[in-house]
Structure formats: structure tokens, C-alpha cells
>>> print(open('upload-v9.cif').read())   # mmCIF, C-alpha atoms
data_input
loop_
_atom_site.label_atom_id
_atom_site.label_comp_id
_atom_site.auth_asym_id
_atom_site.auth_seq_id
_atom_site.Cartn_x
_atom_site.Cartn_y
_atom_site.Cartn_z
CA MET A 4 -67.55 42.59 177.14
CA ALA A 5 -65.44 43.17 180.14
CA ARG A 6 -62.20 45.01 180.29
CA ILE A 7 -59.86 43.76 182.96
CA ALA A 8 -56.30 44.99 183.27
CA GLY A 9 -56.14 47.00 180.06
CA VAL A 10 -57.23 45.63 176.72
CA ASN A 11 -58.31 42.15 177.70
CA VAL A 12 -61.81 41.18 176.74
CA PRO A 13 -62.73 37.71 177.95
CA THR A 14 -66.49 37.01 177.94
CA ASN A 15 -69.01 34.19 178.53
CA LYS A 16 -66.36 31.95 180.04
CA ARG A 17 -66.18 30.94 183.66
CA VAL A 18 -64.43 33.62 185.65
CA HIS A 19 -61.32 31.74 186.67
CA ILE A 20 -60.74 30.60 183.08
CA ALA A 21 -61.42 34.03 181.60
CA LEU A 22 -58.91 35.66 183.93
CA THR A 23 -56.11 33.48 182.57
CA TYR A 24 -56.41 35.41 179.28
CA VAL A 25 -54.53 38.18 181.04
CA HIS A 26 -50.76 37.86 180.59
CA GLY A 27 -49.40 37.27 184.06
CA ILE A 28 -52.40 35.49 185.56
CA GLY A 29 -52.43 31.72 185.39
CA LEU A 30 -54.93 29.27 186.70
CA THR A 31 -53.56 29.36 190.23
CA GLY A 32 -53.64 33.15 190.36
CA ALA A 33 -57.10 33.27 188.82
CA LYS A 34 -58.48 30.85 191.38
CA LYS A 35 -56.88 32.86 194.15
CA ILE A 36 -58.59 36.01 192.91
CA CYS A 37 -61.97 34.25 192.69
CA LYS A 38 -61.62 32.91 196.20
CA GLN A 39 -60.67 36.27 197.65
CA VAL A 40 -63.47 38.16 195.92
CA GLY A 41 -65.95 35.39 196.70
CA ILE A 42 -66.89 34.20 193.24
CA THR A 43 -67.85 30.54 192.92
CA GLU A 44 -66.40 28.47 190.09
CA ASP A 45 -69.64 28.24 188.08
CA ARG A 46 -70.02 32.00 187.68
CA ARG A 47 -69.29 33.46 184.28
CA ILE A 48 -67.89 36.89 183.48
CA ASN A 49 -71.14 38.15 181.96
CA ASN A 50 -73.15 37.49 185.10
CA LEU A 51 -70.76 39.24 187.44
CA SER A 52 -72.03 42.41 189.00
CA GLU A 53 -70.23 45.69 188.37
CA ASP A 54 -69.23 45.61 192.02
CA GLU A 55 -67.51 42.25 191.74
CA LEU A 56 -65.75 43.33 188.58
CA THR A 57 -64.24 46.36 190.25
CA LYS A 58 -63.14 44.17 193.15
CA VAL A 59 -61.40 41.82 190.73
CA ARG A 60 -59.75 44.76 189.00
CA GLU A 61 -58.59 46.20 192.29
CA MET A 62 -57.07 42.93 193.37
CA ILE A 63 -55.18 42.56 190.08
CA ASP A 64 -53.95 46.12 190.44
CA THR A 65 -52.55 45.56 193.90
CA ASP A 66 -51.37 41.95 193.91
CA PHE A 67 -50.39 41.13 190.36
CA LEU A 68 -47.80 42.22 187.86
CA VAL A 69 -49.62 42.05 184.58
CA GLU A 70 -49.38 42.62 180.82
CA GLY A 71 -47.00 45.40 179.77
CA ASP A 72 -45.46 45.84 183.19
CA LEU A 73 -44.68 42.14 183.44
CA ARG A 74 -43.23 42.01 179.93
CA ARG A 75 -41.09 45.02 180.71
CA LYS A 76 -39.84 43.42 183.91
CA THR A 77 -38.99 40.17 182.11
CA SER A 78 -37.01 41.93 179.41
CA MET A 79 -35.26 44.08 182.00
CA ASP A 80 -34.25 40.95 183.90
CA ILE A 81 -32.87 39.38 180.73
CA LYS A 82 -31.02 42.58 179.94
CA ARG A 83 -29.46 42.51 183.37
CA TYR A 84 -28.08 39.04 182.65
CA LEU A 85 -26.77 40.20 179.29
CA ASP A 86 -24.89 43.12 180.79
CA LEU A 87 -23.52 41.01 183.61
CA GLY A 88 -21.55 38.69 181.36
CA CYS A 89 -22.56 35.63 183.35
CA LEU A 90 -23.27 32.26 181.82
CA ARG A 91 -26.99 32.90 181.82
CA GLY A 92 -26.49 36.08 179.82
CA LEU A 93 -24.24 34.34 177.34
CA ARG A 94 -26.88 31.67 176.76
CA HIS A 95 -29.51 34.34 176.17
CA ARG A 96 -27.19 36.09 173.75
CA LYS A 97 -26.72 32.94 171.70
CA ASN A 98 -30.40 32.02 171.82
CA LEU A 99 -29.69 28.71 173.46
CA PRO A 100 -31.45 27.09 176.41
CA VAL A 101 -30.52 28.91 179.60
CA ARG A 102 -31.15 26.32 182.27
CA GLY A 103 -28.72 23.58 181.41
CA GLN A 104 -30.82 21.54 178.99
CA ARG A 105 -29.16 19.42 176.34
CA THR A 106 -28.54 20.95 172.95
CA HIS A 107 -27.16 17.91 171.13
CA THR A 108 -30.73 17.20 170.09
CA ASN A 109 -33.98 19.05 170.78
CA ALA A 110 -33.87 22.60 172.15
CA ARG A 111 -35.83 23.63 169.06
CA THR A 112 -37.89 26.17 170.96
CA ARG A 113 -34.81 28.29 171.52
CA LYS A 114 -32.88 27.37 168.39
CA GLY A 115 -35.75 27.72 165.95
CA PRO A 116 -36.55 25.41 163.03
CA ALA A 117 -33.90 22.80 162.25
CA LYS A 118 -31.41 23.83 159.60
CA SER A 119 -30.23 20.99 157.43
CA ILE A 120 -26.49 20.71 156.92
CA ALA A 121 -25.39 19.94 153.38
CA GLY A 122 -23.33 16.81 152.95
CA LYS A 123 -23.52 15.61 156.52
CA LYS A 124 -23.76 11.89 155.65
CA LYS A 125 -20.47 10.04 155.42
CA MET B 14 -34.98 24.24 194.22
CA SER B 15 -33.17 27.17 195.72
CA ARG B 16 -31.04 27.03 198.82
CA SER B 17 -32.61 27.37 202.27
CA ILE B 18 -32.25 30.88 203.61
CA TRP B 19 -31.37 29.76 207.14
CA LYS B 20 -28.13 28.32 205.84
CA GLY B 21 -26.98 31.66 204.48
CA PRO B 22 -25.04 32.04 201.24
CA PHE B 23 -22.28 29.55 200.61
CA VAL B 24 -18.72 30.84 200.38
CA ASP B 25 -15.48 28.98 200.85
CA GLY B 26 -14.08 30.39 204.09
CA TYR B 27 -10.60 31.05 202.82
CA LEU B 28 -12.01 33.36 200.14
CA LEU B 29 -13.50 35.67 202.75
CA LYS B 30 -10.15 35.90 204.52
CA LYS B 31 -8.32 36.54 201.27
CA ALA B 32 -10.85 39.20 200.30
CA ASP B 33 -10.35 40.97 203.63
CA VAL B 34 -6.60 40.94 203.22
CA ALA B 35 -6.83 42.17 199.66
CA ARG B 36 -9.09 45.04 200.59
CA GLU B 37 -6.91 46.15 203.48
CA SER B 38 -3.76 46.08 201.41
CA GLY B 39 -5.52 48.25 198.84
CA ARG B 40 -3.57 46.78 195.97
CA ASN B 41 -5.76 45.19 193.39
CA ASP B 42 -4.11 41.83 193.02
CA VAL B 43 -5.92 39.06 191.24
CA ILE B 44 -7.09 36.49 193.76
CA LYS B 45 -6.69 33.16 192.06
CA THR B 46 -9.31 30.65 193.05
CA TRP B 47 -10.72 27.31 192.06
CA SER B 48 -13.80 27.92 194.13
CA ARG B 49 -16.34 28.44 191.37
CA ARG B 50 -19.05 27.33 193.77
CA SER B 51 -18.68 30.35 196.06
CA THR B 52 -21.32 33.03 196.13
CA VAL B 53 -20.26 36.59 195.35
CA MET B 54 -20.53 38.51 198.62
CA PRO B 55 -21.12 42.27 198.97
CA GLN B 56 -17.63 42.70 200.43
CA PHE B 57 -16.13 41.32 197.20
CA VAL B 58 -17.26 44.33 195.14
CA GLY B 59 -14.33 46.01 193.42
CA LEU B 60 -11.97 43.08 193.84
CA THR B 61 -10.65 41.03 190.98
CA PHE B 62 -10.78 37.26 191.10
CA GLY B 63 -9.07 34.83 188.81
CA VAL B 64 -11.70 32.18 188.49
CA HIS B 65 -10.45 28.84 187.24
CA ASN B 66 -12.31 27.44 184.26
CA GLY B 67 -10.55 24.08 184.24
CA LYS B 68 -7.61 25.43 182.28
CA LYS B 69 -6.95 29.09 182.96
CA PHE B 70 -7.84 31.69 185.55
CA ILE B 71 -10.34 34.08 184.02
CA PRO B 72 -10.05 37.54 185.58
CA VAL B 73 -13.41 38.70 186.90
CA THR B 74 -13.82 42.18 188.35
CA ILE B 75 -16.74 42.10 190.73
CA SER B 76 -19.37 44.76 190.21
CA GLU B 77 -22.33 45.42 192.42
CA ALA B 78 -24.78 43.66 190.14
CA MET B 79 -22.86 40.40 190.45
CA VAL B 80 -23.61 40.01 194.15
CA GLY B 81 -25.60 36.86 194.76
CA HIS B 82 -24.32 34.99 191.74
CA LYS B 83 -21.67 32.29 191.89
CA LEU B 84 -18.12 32.95 190.80
CA GLY B 85 -18.31 30.12 188.29
CA GLU B 86 -21.01 31.86 186.32
CA PHE B 87 -18.49 34.41 185.09
CA SER B 88 -15.89 31.96 183.88
CA PRO B 89 -17.24 29.81 181.05
CA THR B 90 -15.83 26.30 180.93
CA ARG B 91 -16.52 25.56 177.31
CA THR B 92 -15.22 27.14 174.15
CA PHE B 93 -17.30 26.96 171.03
CA TYR B 94 -15.61 27.99 167.81
CA GLY B 95 -18.58 27.37 165.57
CA HIS B 96 -19.15 24.68 163.01
CA THR B 97 -16.98 24.46 159.92
CA ALA B 98 -18.82 25.79 156.91
CA ASP B 99 -17.50 23.23 154.44
CA LYS B 100 -17.67 19.56 155.27
CA LYS B 101 -17.70 18.29 151.69
CA SER B 102 -13.96 18.01 151.48
CA LYS B 103 -14.13 15.27 154.06
CA ARG B 104 -16.02 12.88 151.74
#
>>> encode(input="upload-v9.cif", output="C-alpha cells")
Amino acid sequence: MARIAGVNVPTNKRVHIALTYVHGIGLTGAKKICKQVGITEDRRINNLSEDELTKVREMIDTDFLVEGDLRRKTSMDIKRYLDLGCLRGLRHRKNLPVRGQRTHTNARTRKGPAKSIAGKKK
Amino acid sequence: MSRSIWKGPFVDGYLLKKADVARESGRNDVIKTWSRRSTVMPQFVGLTFGVHNGKKFIPVTISEAMVGHKLGEFSPTRTFYGHTADKKSKR
């Protein structure tokens, strides 16, 4: 068991995959960390030395915005749009896609499950 | 893709002039504009623009947080009144 950046406990996976379990680190970021610390791709978390682990942790601390801090930043950014009264804020407020996608069909991720309309057929 | 930095922010030139005049006069007149594409500049803060939405000029008072956005973002072009609850009567 390894704790990296708070509560995360990825084990027995290859390092660059395990790191992506942290919110805020994707595959690109994970590979960057591995490269910088000098961990080859076939190493797994459970055969990292304590030294390497601390190096990884340090790098995440300095270079990455992760977990709670990242979530807080995201919600703060959204809140900024809401208060601004710009189009982007309005879209967030209505739970519709923000970046100009179509809403005639699709957009179910934002709109949630389809609601059937009674008596829609002519 | 975002705009190249070397180009600087885009603003219609006449808006800058009008903003200068408005700030010197001190009166807070609404500056009517069709230029929804213009970026909000720091010197616009405190002024009021009437941003055209295709039909009317929507008054927008520029606050500091709006700097960097486009004028058009504050003047929605579509009105949505919601769907009618009862469509049965149409049958």
C-alpha cells in the first residue's frame, strides 16, 4: 500500500498507470513524473524504494494541482462564471453544454436521463 | 485553439476611442455597440455598454472580473421561454 497525495492507494500496478488514480494526474502527467524521477515503465509501485516514493510525492506537491485543491479550483472557476452573468455562466446555471454543442439531440451527459414527453406524437 | 498572444487582444478601434471619450466626460452614458466580438479591456471597467443582441442593446456594466471576456458573452442572443406543459390540446 502506498499513499500518494492524500488518500490514494494504488498498488501492484505499473507506476505510470497507478499514478493516474490520483484526481488531477492523467497519463501524460504520470509519464512526466516517471521520467523526471527516473522510473522505467516496467516498474510497479510495490517495488519502488522509499526514496523514489518520496521523490514522486515531492514532485506532485510542487508541480501538480491535485485532489481536493483541484476540485476546489474547478468549482471556484465555475462560480466565477456564474457570478459574471456571461453566457458560459448561464449555460452552467441551466445544466446545459457550455461549449457550443448541439442540444437538439444528445447532450445527455449534461441534461441527464431523457425525459419522455406525454403525447408528443401527432 | 486560443488566440496567439503576439497579436494582442482584439478590440474594434472605435470602441477604444469612445471609451476614452466617455471616461473623460465622466458622464456614464451607455455606449451602444454592435461589436460583440471585442474583448473587454481594463480601461473599460466602470463603463456601461449597450451590446446589441440582434434586436436590442443590452446594457452591460463592466466590472473588473469581466476583463478578458468578449462583449458578446454578456448579451445573450436567444430567448428560451420553456416548453409548454400541455401539448394534448393540439391533437
>>> resolve_selection(input="upload-v9.cif", expression="the PyMOL selection byres ((chain A and resi 48-64) around 6)", output="PyMOL selection string")
chain A and resi 14-15+18+47+65-67
>>> residues_around(input="upload-v9.cif", residues="Gly9 in chain A", least_positions_apart="5", cutoff="12 Å", atoms="all atoms listed in the file", output="PyMOL selection string")
chain A and resi 24-26+60+63-64+69-72
>>> atom_distance(input="upload-v9.cif", atom1="CA of Phe87 in chain B", atom2="CA of Ser38 in chain B")
24.9 Å
>>> atom_distance(input="upload-v9.cif", atom1="CA of Ser88 in chain B", atom2="CA of Arg49 in chain B")
8.3 Å
>>> residues_around(input="upload-v9.cif", residues="Arg83 in chain A", least_positions_apart="2", cutoff="12 Å", atoms="all atoms listed in the file", output="MDAnalysis selection string")
(chainID A and resid 76:81 85:89 91:93 95:96) or (chainID B and resid 77:79)
>>> residues_around(input="upload-v9.cif", residues="Leu84 in chain B", least_positions_apart="2", cutoff="10 Å", atoms="all atoms listed in the file", output="number ranges by chain")
A: 89; B: 24, 46-54, 62-65, 73, 75, 79-82, 86-88
>>> resolve_selection(input="upload-v9.cif", expression="the PyMOL selection byres ((chain A and resi 99) around 12)", output="PyMOL selection string")
chain A and resi 90-98+100-107+109-115
>>> atom_distance(input="upload-v9.cif", atom1="CA of Ser17 in chain B", atom2="CA of Asn66 in chain B")
27.1 Å
>>> closest_residue(input="upload-v9.cif", among="A:Leu30, A:Val12, A:Val40, A:Ala121", to="chain B", atoms="only C-alpha atoms")
A:Ala121
>>> closest_residue(input="upload-v9.cif", among="A:Cys37, A:Ile28, A:Ile20, A:Ala117", to="Ala8 in chain A", atoms="all atoms listed in the file")
A:Ile28
>>> residues_around(input="upload-v9.cif", residues="Asp42 in chain B", least_positions_apart="5", cutoff="9 Å", atoms="only C-alpha atoms", output="ChimeraX atom specification")
/B:35,60-62
>>> closest_residue(input="upload-v9.cif", among="A:Leu73, A:Ala21, A:Pro116, A:Tyr84", to="chain B", atoms="all atoms listed in the file")
A:Tyr84
>>> resolve_selection(input="upload-v9.cif", expression="the PyMOL selection byres ((chain A and resi 45) around 10)", output="ChimeraX atom specification")
/A:16-19,42-44,46-48
>>> axis_aligned_box(input="upload-v9.cif", around="range 93-97 of chain A", padding_each_side="5 Å", output="AutoDock Vina command-line options")
--center_x -26.9 --center_y 33.9 --center_z 174.5 --size_x 15.3 --size_y 14.4 --size_z 15.6
>>> decode(input="upload-v9.cif", residues="range 32-50 of chain A", atoms="N, CA and C atoms", output="mmCIF file, in the first residue's frame")
data_model
loop_
_atom_site.group_PDB
_atom_site.id
_atom_site.type_symbol
_atom_site.label_atom_id
_atom_site.label_comp_id
_atom_site.auth_asym_id
_atom_site.auth_seq_id
_atom_site.Cartn_x
_atom_site.Cartn_y
_atom_site.Cartn_z
ATOM 1 N N GLY A 32 0.733 13.336 -17.473
ATOM 2 C CA GLY A 32 1.380 13.826 -16.255
ATOM 3 C C GLY A 32 2.145 12.719 -15.552
ATOM 4 N N ALA A 33 1.523 11.538 -15.508
ATOM 5 C CA ALA A 33 2.140 10.402 -14.822
ATOM 6 C C ALA A 33 3.457 10.028 -15.490
ATOM 7 N N LYS A 34 3.439 10.008 -16.825
ATOM 8 C CA LYS A 34 4.662 9.662 -17.540
ATOM 9 C C LYS A 34 5.745 10.709 -17.305
ATOM 10 N N LYS A 35 5.309 11.955 -17.223
ATOM 11 C CA LYS A 35 6.261 13.040 -16.988
ATOM 12 C C LYS A 35 6.941 12.855 -15.629
ATOM 13 N N ILE A 36 6.123 12.506 -14.633
ATOM 14 C CA ILE A 36 6.679 12.282 -13.295
ATOM 15 C C ILE A 36 7.705 11.160 -13.336
ATOM 16 N N CYS A 37 7.315 10.022 -13.979
ATOM 17 C CA CYS A 37 8.192 8.858 -14.037
ATOM 18 C C CYS A 37 9.529 9.235 -14.671
ATOM 19 N N LYS A 38 9.436 9.980 -15.771
ATOM 20 C CA LYS A 38 10.643 10.350 -16.491
ATOM 21 C C LYS A 38 11.558 11.192 -15.597
ATOM 22 N N GLN A 39 10.948 12.152 -14.917
ATOM 23 C CA GLN A 39 11.737 13.084 -14.116
ATOM 24 C C GLN A 39 12.408 12.393 -12.939
ATOM 25 N N VAL A 40 11.654 11.452 -12.316
ATOM 26 C CA VAL A 40 12.207 10.760 -11.158
ATOM 27 C C VAL A 40 13.158 9.652 -11.599
ATOM 28 N N GLY A 41 12.999 9.195 -12.849
ATOM 29 C CA GLY A 41 13.879 8.149 -13.353
ATOM 30 C C GLY A 41 13.369 6.760 -13.083
ATOM 31 N N ILE A 42 12.049 6.580 -13.271
ATOM 32 C CA ILE A 42 11.450 5.256 -13.093
ATOM 33 C C ILE A 42 11.089 4.718 -14.470
ATOM 34 N N THR A 43 11.567 3.521 -14.796
ATOM 35 C CA THR A 43 11.237 2.958 -16.104
ATOM 36 C C THR A 43 9.809 2.435 -16.100
ATOM 37 N N GLU A 44 9.250 2.232 -17.311
ATOM 38 C CA GLU A 44 7.830 1.918 -17.423
ATOM 39 C C GLU A 44 7.441 0.569 -16.827
ATOM 40 N N ASP A 45 8.417 -0.366 -16.701
ATOM 41 C CA ASP A 45 8.040 -1.696 -16.204
ATOM 42 C C ASP A 45 8.104 -1.805 -14.685
ATOM 43 N N ARG A 46 8.437 -0.723 -14.006
ATOM 44 C CA ARG A 46 8.456 -0.770 -12.542
ATOM 45 C C ARG A 46 7.030 -0.675 -12.001
ATOM 46 N N ARG A 47 6.811 -1.398 -10.911
ATOM 47 C CA ARG A 47 5.500 -1.311 -10.273
ATOM 48 C C ARG A 47 5.628 -0.583 -8.945
ATOM 49 N N ILE A 48 4.488 -0.094 -8.441
ATOM 50 C CA ILE A 48 4.525 0.695 -7.206
ATOM 51 C C ILE A 48 5.165 -0.079 -6.063
ATOM 52 N N ASN A 49 4.849 -1.391 -5.956
ATOM 53 C CA ASN A 49 5.340 -2.121 -4.785
ATOM 54 C C ASN A 49 6.827 -2.459 -4.837
ATOM 55 N N ASN A 50 7.487 -2.250 -6.018
ATOM 56 C CA ASN A 50 8.935 -2.401 -5.936
ATOM 57 C C ASN A 50 9.702 -1.087 -6.085
#
